[in-house]
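Here is the file query.cif (mmCIF, C-alpha atoms).
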```cif
data_protein
loop_
_atom_site.label_atom_id
_atom_site.label_comp_id
_atom_site.auth_asym_id
_atom_site.auth_seq_id
_atom_site.Cartn_x
_atom_site.Cartn_y
_atom_site.Cartn_z
CA MET A 13 0.00 0.00 0.00
CA GLU A 14 1.45 3.41 -1.10
CA GLU A 15 2.21 5.73 1.76
CA LYS A 16 0.94 9.28 1.54
CA GLN A 17 3.48 12.05 2.03
CA PRO A 18 2.73 14.28 4.98
CA PRO A 19 1.37 17.77 4.20
CA PHE A 20 4.45 19.52 5.64
CA TYR A 21 6.64 17.77 3.02
CA LYS A 22 4.59 19.24 0.15
CA GLU A 23 4.69 22.66 1.75
CA LYS A 24 8.48 22.40 2.08
CA THR A 25 8.83 21.42 -1.59
CA ASN A 26 6.64 24.30 -2.70
CA PHE A 27 8.73 26.66 -0.58
CA TYR A 28 11.93 25.56 -2.35
CA TYR A 29 10.30 26.05 -5.74
CA LEU A 30 9.09 29.51 -4.82
CA ALA A 31 12.45 30.43 -3.29
CA GLY A 32 14.24 29.28 -6.44
CA ILE A 33 11.95 31.29 -8.69
CA PHE A 34 12.33 34.32 -6.44
CA LEU A 35 16.12 33.98 -6.49
CA ILE A 36 16.13 33.76 -10.30
CA LEU A 37 13.93 36.84 -10.54
CA CYS A 38 16.23 38.72 -8.15
CA ILE A 39 19.29 37.80 -10.20
CA ALA A 40 17.55 38.84 -13.42
CA ALA A 41 16.40 42.11 -11.86
CA PHE A 42 19.89 42.82 -10.54
CA TRP A 43 21.39 42.05 -13.95
CA TRP A 44 18.87 44.38 -15.66
CA TRP A 45 19.55 47.12 -13.14
CA ARG A 46 23.33 46.68 -13.38
CA VAL A 47 23.37 46.74 -17.18
CA TYR A 48 20.66 49.26 -18.00
CA LEU A 49 19.93 51.33 -14.91
CA TYR A 50 23.16 51.40 -12.86
CA PRO A 51 24.30 55.05 -12.94
CA TYR A 52 28.05 54.39 -12.65
CA VAL A 53 30.86 53.23 -14.92
CA SER A 54 34.01 52.20 -13.09
CA THR A 55 37.49 50.99 -13.97
CA GLU A 56 40.76 50.22 -12.25
CA ASP A 57 42.72 50.78 -15.46
CA ALA A 58 43.66 54.29 -14.37
CA SER A 59 46.58 56.17 -12.88
CA ILE A 60 47.65 59.66 -11.90
CA ALA A 61 49.38 61.63 -14.68
CA SER A 62 51.00 65.03 -15.10
CA VAL A 63 52.96 67.06 -17.63
CA ASP A 64 56.40 65.48 -18.09
CA HIS A 65 58.97 67.91 -19.48
CA ALA A 66 62.01 66.31 -21.11
CA ILE A 67 64.89 68.67 -20.29
CA SER A 68 67.64 68.57 -22.91
CA PRO A 69 70.51 70.86 -23.97
CA LEU A 70 70.33 72.86 -27.19
CA GLN A 71 73.94 72.01 -28.01
CA SER A 72 76.13 68.93 -27.78
CA GLY A 73 78.89 68.60 -25.21
CA GLN A 74 80.02 67.12 -21.93
CA ILE A 75 77.95 67.69 -18.80
CA LEU A 76 80.19 69.82 -16.61
CA SER A 77 78.02 69.93 -13.49
CA MET A 78 74.61 68.76 -12.30
CA VAL A 79 72.94 70.96 -9.71
CA VAL A 80 69.79 68.90 -9.00
CA GLU A 81 69.01 65.40 -7.75
CA ASP A 82 66.00 63.11 -8.15
CA GLY A 83 63.16 64.71 -6.21
CA SER A 84 64.64 68.22 -6.18
CA ILE A 85 62.03 70.98 -6.18
CA VAL A 86 62.96 73.73 -8.64
CA LYS A 87 61.58 77.11 -9.64
CA LYS A 88 61.36 78.52 -13.14
CA GLY A 89 64.77 79.86 -14.15
CA ASP A 90 66.79 77.78 -11.65
CA LEU A 91 70.02 76.28 -13.01
CA LEU A 92 69.70 72.52 -13.58
CA PHE A 93 72.98 71.53 -15.23
CA ALA A 94 75.80 73.03 -17.28
CA ILE A 95 77.52 71.91 -20.47
CA ASP A 96 81.30 72.34 -20.73
CA ASP A 97 81.87 75.72 -22.39
CA VAL A 98 85.68 76.01 -22.36
CA LEU A 99 85.98 75.77 -26.15
CA LEU A 100 83.14 78.24 -26.57
CA LYS A 101 84.93 80.75 -24.36
CA VAL A 102 88.07 80.38 -26.49
CA GLU A 103 85.99 80.93 -29.62
CA ARG A 104 84.46 83.99 -28.01
CA GLU A 105 87.88 85.48 -27.32
CA LYS A 106 88.78 84.96 -30.98
CA ALA A 107 85.50 86.52 -32.09
CA VAL A 108 86.03 89.55 -29.82
CA ALA A 109 89.56 90.04 -31.22
CA ALA A 110 88.30 89.75 -34.81
CA LEU A 111 85.50 92.22 -34.12
CA THR A 112 87.89 94.70 -32.50
CA HIS A 113 90.21 94.47 -35.49
CA ALA A 114 87.31 94.95 -37.90
CA ARG A 115 86.12 98.04 -36.03
CA ASP A 116 89.63 99.50 -36.15
CA GLU A 117 89.63 98.89 -39.90
CA VAL A 118 86.31 100.71 -40.17
CA ARG A 119 87.81 103.76 -38.51
CA LEU A 120 90.84 103.69 -40.83
CA GLN A 121 88.67 103.23 -43.90
CA LYS A 122 86.45 106.09 -42.74
CA ILE A 123 89.49 108.34 -42.61
CA GLN A 124 90.50 107.22 -46.12
CA LEU A 125 86.95 107.81 -47.34
CA ASP A 126 86.86 111.31 -45.85
CA LEU A 127 90.19 112.15 -47.53
CA ALA A 128 88.96 110.80 -50.86
CA GLN A 129 85.79 112.86 -50.50
CA GLU A 130 87.81 116.03 -49.85
CA ASP A 131 89.98 115.26 -52.89
CA LEU A 132 86.83 114.83 -54.97
CA LYS A 133 85.39 118.16 -53.84
CA ARG A 134 88.66 119.97 -54.56
CA ALA A 135 89.08 118.27 -57.93
CA SER A 136 85.51 119.16 -58.91
CA VAL A 137 86.22 122.85 -58.30
CA GLU A 138 89.51 122.68 -60.15
CA PHE A 139 87.97 120.78 -63.07
CA ALA A 140 85.18 123.36 -63.34
CA GLY A 141 87.85 126.09 -63.46
CA GLY A 142 89.85 124.24 -66.08
CA VAL A 143 92.80 123.67 -63.75
CA ILE A 144 92.88 119.86 -64.15
CA SER A 145 92.09 117.64 -67.10
CA GLU A 146 89.10 115.33 -67.48
CA GLU A 147 91.41 112.34 -67.16
CA MET A 148 92.63 113.58 -63.78
CA MET A 149 89.05 114.19 -62.66
CA GLN A 150 88.08 110.63 -63.58
CA HIS A 151 91.07 109.31 -61.65
CA VAL A 152 89.97 111.20 -58.51
CA GLU A 153 86.40 109.94 -58.87
CA LYS A 154 87.66 106.40 -59.24
CA ASN A 155 89.74 106.73 -56.06
CA TYR A 156 86.68 107.97 -54.17
CA GLN A 157 84.54 105.09 -55.43
CA MET A 158 87.19 102.57 -54.38
CA ALA A 159 87.47 104.14 -50.91
CA GLU A 160 83.69 104.06 -50.52
CA ALA A 161 83.51 100.41 -51.61
CA GLN A 162 86.28 99.41 -49.19
CA HIS A 163 84.51 101.26 -46.38
CA GLN A 164 81.21 99.49 -47.09
CA SER A 165 83.01 96.15 -47.28
CA ILE A 166 84.63 96.55 -43.88
CA VAL A 167 81.34 97.79 -42.38
CA SER A 168 79.70 94.59 -43.65
CA LEU A 169 82.54 92.58 -42.14
CA VAL A 170 81.88 94.22 -38.77
CA ALA A 171 78.23 93.16 -39.00
CA VAL A 172 79.31 89.58 -39.74
CA GLN A 173 81.73 89.58 -36.79
CA GLU A 174 79.05 90.97 -34.49
CA ALA A 175 76.63 88.24 -35.60
CA ALA A 176 79.29 85.58 -34.96
CA LEU A 177 79.92 86.97 -31.47
CA ASN A 178 76.19 87.05 -30.72
CA ALA A 179 75.90 83.42 -31.86
CA ILE A 180 78.70 82.37 -29.51
CA ASP A 181 77.11 84.32 -26.64
CA LEU A 182 73.85 82.51 -27.34
CA GLN A 183 75.64 79.15 -27.27
CA LEU A 184 77.23 80.10 -23.95
CA LYS A 185 73.78 80.91 -22.64
CA PHE A 186 72.47 77.56 -23.89
CA ALA A 187 75.31 75.83 -22.03
CA GLN A 188 73.52 76.82 -18.81
CA VAL A 189 70.29 74.79 -18.83
CA THR A 190 67.57 76.21 -16.59
CA ALA A 191 64.12 75.04 -15.50
CA PRO A 192 61.33 76.15 -17.87
CA ILE A 193 58.65 75.80 -15.16
CA ASP A 194 58.20 75.23 -11.44
CA GLY A 195 58.29 71.52 -10.74
CA VAL A 196 60.02 68.45 -9.35
CA ILE A 197 62.91 66.51 -10.88
CA ALA A 198 61.43 63.06 -11.49
CA LYS A 199 64.49 61.38 -13.04
CA ARG A 200 68.15 62.08 -13.81
CA TRP A 201 69.06 60.23 -16.99
CA HIS A 202 72.71 61.32 -17.12
CA GLU A 203 75.53 62.20 -14.75
CA PRO A 204 78.34 64.80 -14.82
CA GLY A 205 80.98 63.74 -17.33
CA ASP A 206 78.52 62.18 -19.77
CA VAL A 207 78.66 63.49 -23.33
CA VAL A 208 75.19 64.29 -24.64
CA ARG A 209 73.79 65.39 -27.97
CA ALA A 210 71.64 68.43 -28.59
CA GLY A 211 68.05 67.43 -27.88
CA GLN A 212 68.98 64.35 -25.82
CA THR A 213 66.94 64.04 -22.61
CA VAL A 214 69.03 64.64 -19.50
CA LEU A 215 66.30 65.25 -16.90
CA SER A 216 62.58 64.63 -16.53
CA LEU A 217 60.79 67.54 -14.87
CA MET A 218 57.18 67.16 -13.75
CA ASP A 219 54.69 69.89 -12.93
CA LEU A 220 52.87 68.51 -9.90
CA SER A 221 50.59 71.53 -9.70
CA GLN A 222 48.73 70.14 -12.72
CA ILE A 223 47.85 66.49 -12.23
CA TRP A 224 44.95 64.52 -13.63
CA ILE A 225 43.73 60.95 -13.98
CA ALA A 226 44.48 59.00 -17.16
CA ALA A 227 41.85 56.26 -17.41
CA ASN A 228 40.96 53.69 -20.06
CA ILE A 229 37.30 52.71 -20.47
CA GLU A 230 35.93 49.77 -22.46
CA GLU A 231 34.32 50.91 -25.69
CA THR A 232 31.08 49.14 -24.72
CA LYS A 233 30.65 51.56 -21.79
CA LEU A 234 31.56 54.74 -23.65
CA SER A 235 28.07 55.59 -24.91
CA THR A 236 26.89 56.64 -21.44
CA ILE A 237 29.90 58.85 -20.62
CA HIS A 238 29.94 62.57 -21.36
CA VAL A 239 32.35 65.43 -20.76
CA GLY A 240 31.58 66.98 -17.39
CA ASP A 241 30.28 63.80 -15.73
CA PRO A 242 31.27 63.76 -12.03
CA VAL A 243 33.83 61.17 -10.97
CA LYS A 244 34.65 59.56 -7.64
CA ILE A 245 38.34 58.73 -7.34
CA THR A 246 40.07 56.42 -4.89
CA VAL A 247 43.84 56.04 -4.73
CA ASP A 248 45.35 52.69 -3.81
CA ALA A 249 47.91 54.45 -1.62
CA TYR A 250 45.15 56.05 0.47
CA PRO A 251 42.34 53.51 0.94
CA GLY A 252 39.19 54.95 2.43
CA ILE A 253 39.82 58.48 1.11
CA GLU A 254 37.63 59.58 -1.78
CA PHE A 255 38.59 62.39 -4.16
CA GLN A 256 36.28 64.23 -6.52
CA GLY A 257 36.76 65.08 -10.19
CA SER A 258 35.06 65.25 -13.57
CA VAL A 259 35.54 63.95 -17.10
CA ARG A 260 37.53 66.57 -19.01
CA VAL A 261 38.45 64.85 -22.29
CA ILE A 262 37.19 61.74 -24.09
CA GLY A 263 39.86 60.31 -26.38
CA ALA A 264 39.43 60.63 -30.13
CA ALA A 265 40.78 57.12 -30.79
CA ALA A 266 41.30 53.82 -29.03
CA ALA A 267 44.52 53.45 -27.07
CA SER A 268 45.66 50.67 -29.42
CA GLN A 269 45.98 53.18 -32.27
CA PHE A 270 48.94 54.76 -30.50
CA ALA A 271 50.80 51.52 -29.79
CA LEU A 272 54.33 51.05 -31.15
CA ILE A 273 52.92 48.38 -33.47
CA PRO A 274 49.30 49.31 -34.30
CA PRO A 275 46.95 46.38 -34.98
CA ASN A 276 46.76 45.26 -38.60
CA ASN A 277 43.85 42.99 -39.48
CA ALA A 278 44.57 42.84 -43.21
CA SER A 279 46.51 39.57 -42.83
CA GLY A 280 43.34 37.59 -42.11
CA ASN A 281 44.15 36.74 -38.49
CA PHE A 282 41.46 38.60 -36.61
CA THR A 283 40.51 38.21 -32.98
CA LYS A 284 37.92 40.66 -31.77
CA ILE A 285 38.77 42.23 -28.44
CA THR A 286 37.14 45.05 -26.56
CA GLN A 287 39.08 48.23 -27.21
CA ARG A 288 39.75 50.83 -24.56
CA ILE A 289 39.19 54.55 -25.01
CA PRO A 290 41.43 56.93 -23.01
CA LEU A 291 39.79 59.48 -20.73
CA LYS A 292 41.32 62.51 -19.07
CA ILE A 293 39.74 63.15 -15.69
CA SER A 294 40.46 66.37 -13.85
CA MET A 295 40.60 66.55 -10.07
CA LYS A 296 39.28 69.41 -8.01
CA PRO A 297 42.17 71.78 -7.17
CA GLU A 298 41.90 71.25 -3.42
CA HIS A 299 41.94 67.49 -3.98
CA ALA A 300 44.73 67.51 -6.55
CA GLN A 301 47.04 69.17 -4.02
CA ALA A 302 46.02 66.90 -1.17
CA LEU A 303 48.31 64.38 0.49
CA TYR A 304 51.17 63.01 -1.62
CA LEU A 305 49.67 62.32 -5.02
CA ARG A 306 52.34 61.48 -7.57
CA PRO A 307 52.25 60.50 -11.25
CA GLY A 308 51.97 56.77 -11.83
CA MET A 309 49.95 55.97 -8.70
CA SER A 310 47.18 53.45 -9.33
CA VAL A 311 43.63 54.69 -8.86
CA LYS A 312 40.06 53.50 -9.30
CA VAL A 313 37.52 55.80 -10.89
CA LYS A 314 33.75 55.67 -10.67
CA ILE A 315 31.97 57.86 -13.23
CA ARG A 316 28.38 58.88 -12.59
CA THR A 317 26.66 58.79 -15.97
CA ARG A 318 23.11 59.73 -14.92
#
```
Have the structure of the file written as structure tokens, please.
Amino acid sequence: MEEKQPPFYKEKTNFYYLAGIFLILCIAAFWWWRVYLYPYVSTEDASIASVDHAISPLQSGQILSMVVEDGSIVKKGDLLFAIDDVLLKVEREKAVAALTHARDEVRLQKIQLDLAQEDLKRASVEFAGGVISEEMMQHVEKNYQMAEAQHQSIVSLVAVQEAALNAIDLQLKFAQVTAPIDGVIAKRWHEPGDVVRAGQTVLSLMDLSQIWIAANIEETKLSTIHVGDPVKITVDAYPGIEFQGSVRVIGAAAASQFALIPPNNASGNFTKITQRIPLKISMKPEHAQALYLRPGMSVKVKIRTR
């Protein structure tokens, strides 16, 4: 004879069914809310960034002295390092001597020109009075023209010598490399005694008064983000402290477009991956200066999109 199940067993089974259906509905509702209604887009692919100035000399040479160290705080116009300028100083002495000689020649040629001009005036009067011949008059005119040409030539030479001296003075000025902005020395790439080329980076100088967040967002989340959206920022170095900011710039291209080897799908090997779009997130001034925020620190951003 088949035994009947007690009523409480059926009630327990029904409860499990109802609980399972309720759990499925809750998961579906949460998924719908998270995908379509959740007002935030977040990412941990973000870090603090700032303007990095590559400090390099404008002329080649050996580094004579280095005034700053890693972490040194500098002001605009402070001396950072100097390039050996011994040969330039020798060249300057030569240029000064050549310029002095050229100026002396100008004075002598001016005297010769004045004498030739006086001879021309006197000869003109005498020729008009029939005292000298036309041939003699032409000879005097020719002498004056030669004196004037020599004077103009030496005047031009003085201008050339002055330009050469100014160029050397400019090179001497370039041998003293100064800070273009207020900032902090982030890295010394060379030491005194190293020979560097013009344009070769010697120091990295960062402006810590202007820092921002460089974040990368999946392209599938980009449609809900707009310039000006408020952002909550947390820094790994300071857990529990929340900074405020806003979206300043949305990148014009995916980050992969600026890779050393951009993707090329023409070969036929194609694997679709979600691209990331760079964002520039500004921090409120009072927050940007807070604590010890430094470029490269890892952060998490939470963008409110609604």
On this file, the PyMOL selection byres ((chain A and resi 208) around 7) gives some set of residues; write that set as a count of residues only.
8
Between A:Leu217, A:Leu35, A:Ala198, A:Val108, which residue has the minimum interatomic distance to Gly83 in chain A, considering all atoms listed in the file?
A:Ala198
If we count only C-alpha atoms, what is near Ala265 in chain A at a cut-off of 9 Å, once residues fewer than 4 positions away on the same chain are taken out, given as a VMD selection string?
chain A and resid 269 to 270 288 to 290
Write out as a PyMOL selection string which residues come within 10 Å of Arg200 in chain A when counting all atoms listed in the file, dropping same-chain ones fewer than 2 positions away.
chain A and resi 67+78+80-83+197-198+202-203+213-217
Go ahead and write the residues just picked, C-alpha atoms, as a PDB file, in the frame of the given file.
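Writing done, so here's out33.pdb:
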```pdb
ATOM      1  CA  ILE A  67      64.890  68.670 -20.290  1.00  0.00           C
ATOM      2  CA  MET A  78      74.610  68.760 -12.300  1.00  0.00           C
ATOM      3  CA  VAL A  80      69.790  68.900  -9.000  1.00  0.00           C
ATOM      4  CA  GLU A  81      69.010  65.400  -7.750  1.00  0.00           C
ATOM      5  CA  ASP A  82      66.000  63.110  -8.150  1.00  0.00           C
ATOM      6  CA  GLY A  83      63.160  64.710  -6.210  1.00  0.00           C
ATOM      7  CA  ILE A 197      62.910  66.510 -10.880  1.00  0.00           C
ATOM      8  CA  ALA A 198      61.430  63.060 -11.490  1.00  0.00           C
ATOM      9  CA  HIS A 202      72.710  61.320 -17.120  1.00  0.00           C
ATOM     10  CA  GLU A 203      75.530  62.200 -14.750  1.00  0.00           C
ATOM     11  CA  THR A 213      66.940  64.040 -22.610  1.00  0.00           C
ATOM     12  CA  VAL A 214      69.030  64.640 -19.500  1.00  0.00           C
ATOM     13  CA  LEU A 215      66.300  65.250 -16.900  1.00  0.00           C
ATOM     14  CA  SER A 216      62.580  64.630 -16.530  1.00  0.00           C
ATOM     15  CA  LEU A 217      60.790  67.540 -14.870  1.00  0.00           C
TER      16      LEU A 217
END
```
Rounded to one decimal in Å, what is the spacing between CA of Ile315 in chain A and CA of Tyr52 in chain A?
5.3 Å
Range 50-148 of chain A residues near range 180-186 of chain A within 12 Å, closest pair each, using all atoms listed in the file, as JSON lines:
```
{"residue": "A:Ser68", "atom": "CA", "partner": "A:Phe186", "partner_atom": "CA", "distance": 10.3}
{"residue": "A:Pro69", "atom": "CA", "partner": "A:Phe186", "partner_atom": "CA", "distance": 7.0}
{"residue": "A:Leu70", "atom": "CA", "partner": "A:Phe186", "partner_atom": "CA", "distance": 6.1}
{"residue": "A:Gln71", "atom": "CA", "partner": "A:Phe186", "partner_atom": "CA", "distance": 7.1}
{"residue": "A:Ser72", "atom": "CA", "partner": "A:Phe186", "partner_atom": "CA", "distance": 10.1}
{"residue": "A:Gly73", "atom": "CA", "partner": "A:Phe186", "partner_atom": "CA", "distance": 11.1}
{"residue": "A:Leu91", "atom": "CA", "partner": "A:Phe186", "partner_atom": "CA", "distance": 11.2}
{"residue": "A:Leu92", "atom": "CA", "partner": "A:Phe186", "partner_atom": "CA", "distance": 11.8}
{"residue": "A:Phe93", "atom": "CA", "partner": "A:Phe186", "partner_atom": "CA", "distance": 10.6}
{"residue": "A:Ala94", "atom": "CA", "partner": "A:Phe186", "partner_atom": "CA", "distance": 8.7}
{"residue": "A:Ile95", "atom": "CA", "partner": "A:Phe186", "partner_atom": "CA", "distance": 8.3}
{"residue": "A:Asp96", "atom": "CA", "partner": "A:Leu184", "partner_atom": "CA", "distance": 9.3}
{"residue": "A:Asp97", "atom": "CA", "partner": "A:Leu184", "partner_atom": "CA", "distance": 6.6}
{"residue": "A:Val98", "atom": "CA", "partner": "A:Leu184", "partner_atom": "CA", "distance": 9.5}
{"residue": "A:Leu99", "atom": "CA", "partner": "A:Leu184", "partner_atom": "CA", "distance": 10.0}
{"residue": "A:Leu100", "atom": "CA", "partner": "A:Leu184", "partner_atom": "CA", "distance": 6.7}
{"residue": "A:Lys101", "atom": "CA", "partner": "A:Leu184", "partner_atom": "CA", "distance": 7.7}
{"residue": "A:Val102", "atom": "CA", "partner": "A:Ile180", "partner_atom": "CA", "distance": 10.0}
{"residue": "A:Glu103", "atom": "CA", "partner": "A:Ile180", "partner_atom": "CA", "distance": 7.4}
{"residue": "A:Arg104", "atom": "CA", "partner": "A:Ile180", "partner_atom": "CA", "distance": 6.2}
{"residue": "A:Glu105", "atom": "CA", "partner": "A:Ile180", "partner_atom": "CA", "distance": 9.9}
{"residue": "A:Lys106", "atom": "CA", "partner": "A:Ile180", "partner_atom": "CA", "distance": 10.5}
{"residue": "A:Ala107", "atom": "CA", "partner": "A:Ile180", "partner_atom": "CA", "distance": 8.4}
{"residue": "A:Val108", "atom": "CA", "partner": "A:Ile180", "partner_atom": "CA", "distance": 10.3}
```
Result set of the PyMOL selection byres ((chain A and resi 57) around 10) on the coordinates above, as a compact mmCIF listing (two decimals) with C-alpha atoms, in the frame of the given file:
```txt
# COMPACT_ATOMS: atom_id res chain seq x y z
CA SER A 54 34.01 52.20 -13.09
CA THR A 55 37.49 50.99 -13.97
CA GLU A 56 40.76 50.22 -12.25
CA ALA A 58 43.66 54.29 -14.37
CA SER A 59 46.58 56.17 -12.88
CA ALA A 226 44.48 59.00 -17.16
CA ALA A 227 41.85 56.26 -17.41
CA ASN A 228 40.96 53.69 -20.06
CA ILE A 229 37.30 52.71 -20.47
CA GLU A 230 35.93 49.77 -22.46
CA ARG A 288 39.75 50.83 -24.56
CA PRO A 290 41.43 56.93 -23.01
CA SER A 310 47.18 53.45 -9.33
CA VAL A 311 43.63 54.69 -8.86
CA LYS A 312 40.06 53.50 -9.30
CA VAL A 313 37.52 55.80 -10.89
```
Picked residues, the PyMOL selection byres ((chain A and resi 170) around 12), expected as a list in words:
Ala107, Val108, Ala109, Ala110, Leu111, Thr112, His113, Ala114, Arg115, Asp116, Glu117, Val118, Arg119, His163, Gln164, Ser165, Ile166, Val167, Ser168, Leu169, Ala171, Val172, Gln173, Glu174, Ala175, Ala176 and Leu177 of chain A
Point out the residue among A:Phe34, A:Phe42, A:Phe255, A:Trp201 with the least atom-to-atom distance to Lys296 in chain A, counting all atoms listed in the file.
A:Phe255
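For the atom pair formed by CA of Asp219 in chain A and CA of Val189 in chain A, the distance is 17.4 Å, given to one decimal.
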As a check of understanding: the span from CA of Trp224 in chain A to CA of His65 in chain A is 15.6 Å
